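One structure is given below, encoded as structure tokens.
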Amino acid sequence: SLSLLAALVDKSLLRRQLNGRYEVHELARQYAAQRLVEAQQEVQTRHRHLDFFMLFAEAAEPQIRAGEQIVQWHEWVESEHDNLRAALDWSLSGGELEPGLRMVAALWEFWMNRGYAPEGQSQAERFLAHPEAAAYPVLRGKALHTAGVCAYYQGRYRAALAWFAEAATIGRELGVSGRYVRAMGLIGQGYVLFSLEELDAVPALSQEALLLGEELQVGWMKGDALYQLARLAWQRGDYVSARQCFLESLACVETHVMRGYVLQGLGTMLGQQGNYQAAQAYLHQSLAIHEEMGDNVRSSTTFTRLARLAMAQGNDGEAEELLTKALILIQKTGHLRHQVATLDAMGRLAQRQGDDGRARTMHEESLALCIEMEDPVWLAHTLEALACLAARQGQAEAAVRLFGATAAHAAPADATLGPVWRREHDHCVAIARTHLGEAAFAAAWATGQALSLVQAVEYAVTSP
């Protein structure tokens with residue numbers, strides 16, 4: 001009752017927080033825990049606690065993803081995060097694996113959106129490693145999906161791909177009852193393969209996921225599959241089909257958390273086509289959604305995309321402000337892949353401004369993160385940025401060797417980075433070619449092409 005709560009607050013046994021919740025003083029909590037053990041009620045109480053927060057996590061899952069109270073549900077889960085952690089610990093240590101697996105399956109989007117990807121991966125791995133997890137194939141498939149999502153946002157692409165593939169296999173083996181798990185695994189694989197620029201398998205994965213989404217009548221599932229098909233069309237230069245798929249995806253996610261990144265994708269594509277006004281409108285809509293949710297990860301990404309748009313229009317001052325905001329947000333989350341993209345843009349902007357020291361610092365920081373992530377695609381892009389820097393500094397031979405190395409391992413400026421970087425690339429290659437002459441240029445390029453990525457990295461960090 002309120003009177004009892006007030007009396008406990010008066011005695012300093014409870015403390016009322018600004019958000020209206022009551023917090024137990026640590027000494028009182030320890031004392032109560034001891035008395036529970038003495039009364040032989042700890043196990044019963046912890047079981048009740050586990051069951052309560054399992055149901056809470058499962059109630060939160062659809063609300064976090066879609067609905068009119070997405071923001072409030074994110075906040076409610078955040079406020080109970082320590083309780084959820086305690087319940088997960090007890091699930092493992094107390095011999096009740098199923099409730100913990102259900103929680104791991106339910107919390108993936110919260111861990112992803114709120115910047116807890118390392119923790120989410122760790123929690124999923126703990127439960128997947130338990131011998132009894134195989135007895136719950138659907139839950140195991142969902143836990144694999146959680147592990148894959150959280151690994152993906154940290155740039156652990158190969159690990160994520162393996163987990164998603166296993167989830168899809170489990171779903172396929174389960175037949176009708178495994179369709180949901182199967183679709184989650186297929187969609188996850190598609191996102192990882194985009195990041196690795198290994199697109200051959202993506203059309204079949206996305207089309208299968210779309211069919212499953214239609215069978216299950218799950219809007220976000222259809223939206224994700226259509227988003228991937230939009231990106232495929234965009235990569236191929238089919239902007240009409242890409243725009244149509246983006247719009248169809250938006251129609252599937254009217255009240256869904258992913259609406260923000262579909263708008264982000266559409267805005268980025270339009271910006272690359274030179275439709276800057278429409279691009280800014282879509283990106284600002286995206287940013288408003290992510291900021292309202294408190295989603296630092298995708299807010300940061302949108303700031304970076306807006307900064308690239310500003311750079312495309314020559315608004316370098318605006319771009320610098322946006323990139324600073326992006327970096328501050330993303331460093332709070334531990335999501336390395338977005339941090340690399342932001343550092344890359346900051347380094348390229350510094351090159352434009354003639355600040356070579358800052359540019360090199362940004363690119364070397366990005367390079368270190370790429371190595372930590374084992375991300376060959378962004379590693380090659382970062383080496384290409386360092387090649388541009390070397391060309392601008394008059395180090396033509398070093399620049400051409402690095403250009404040759406990146407050409408051997410990845411496209412120097414793919415569709416997602418856009419024509420701004422392509423123009424920068426072509427300009428810097430032309431500078432180096434003019435400086436060296438055709439014969440020396442060809443020889444340096446061939447030397448670079450013969451380098452492995454590891455050798456190219458070593459050359460980049462040791463060359464003057």
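Labels used: A, B, ... for chains in the order of the structure tokens, numbers from 1 for residues in each chain, and numbers from 1 for ligands as shown.
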I'd like the contact shell of Met373 of chain A - 9 Å cut-off, only C-alpha atoms, skipping same-chain residues fewer than 5 positions apart - returned as a PDB file with N, CA and C atoms, in the first residue's frame.
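Okay, this is what ended up in out-v3.pdb:
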ATOM      1  N   GLN A 154      28.262  -5.831 -34.136  1.00  0.00           N
ATOM      2  CA  GLN A 154      29.642  -5.607 -33.701  1.00  0.00           C
ATOM      3  C   GLN A 154      30.637  -5.857 -34.834  1.00  0.00           C
ATOM      4  N   GLY A 155      30.118  -6.186 -36.026  1.00  0.00           N
ATOM      5  CA  GLY A 155      31.006  -6.463 -37.148  1.00  0.00           C
ATOM      6  C   GLY A 155      31.590  -7.854 -37.127  1.00  0.00           C
ATOM      7  N   ARG A 156      31.035  -8.767 -36.318  1.00  0.00           N
ATOM      8  CA  ARG A 156      31.522 -10.157 -36.271  1.00  0.00           C
ATOM      9  C   ARG A 156      30.747 -10.958 -37.334  1.00  0.00           C
ATOM     10  N   TYR A 157      31.049 -10.671 -38.588  1.00  0.00           N
ATOM     11  CA  TYR A 157      30.192 -11.142 -39.672  1.00  0.00           C
ATOM     12  C   TYR A 157      30.197 -12.653 -39.855  1.00  0.00           C
ATOM     13  N   LEU A 336      30.700  -1.572 -33.605  1.00  0.00           N
ATOM     14  CA  LEU A 336      31.922  -1.172 -34.296  1.00  0.00           C
ATOM     15  C   LEU A 336      31.699  -0.851 -35.765  1.00  0.00           C
ATOM     16  N   ARG A 337      30.789  -1.572 -36.424  1.00  0.00           N
ATOM     17  CA  ARG A 337      30.642  -1.380 -37.867  1.00  0.00           C
ATOM     18  C   ARG A 337      30.179   0.037 -38.195  1.00  0.00           C
ATOM     19  N   ALA A 368      42.207  -0.065 -37.409  1.00  0.00           N
ATOM     20  CA  ALA A 368      42.336  -0.913 -36.218  1.00  0.00           C
ATOM     21  C   ALA A 368      41.003  -1.601 -35.884  1.00  0.00           C
TER      22      ALA A 368
END
Residue contacts of segment 64-70 of chain A (12 Å, only C-alpha atoms) excluding same-chain residues fewer than 5 positions away, as number ranges by chain | A: 56-59, 75-78, 106-114, 218-221, 252-260, 289-290, 292-295
Quick one: distance from atom CA of Ala151 of chain A to atom CA of Gln331 of chain A in Å, one decimal?
-> 16.6 Å
Helix (DSSP H, G or I) residues, from DSSP on the backbone, in segment 81-206 of chain A, as a PyMOL selection string = chain A and resi 81-93+97-106+108-113+117-128+131-135+137-152+157-196+202-206
Atom CA of Arg401 of chain A to atom CA of Thr447 of chain A: how many Å, to one decimal?
->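 Computing it gives 6.1 Å between the two atoms.
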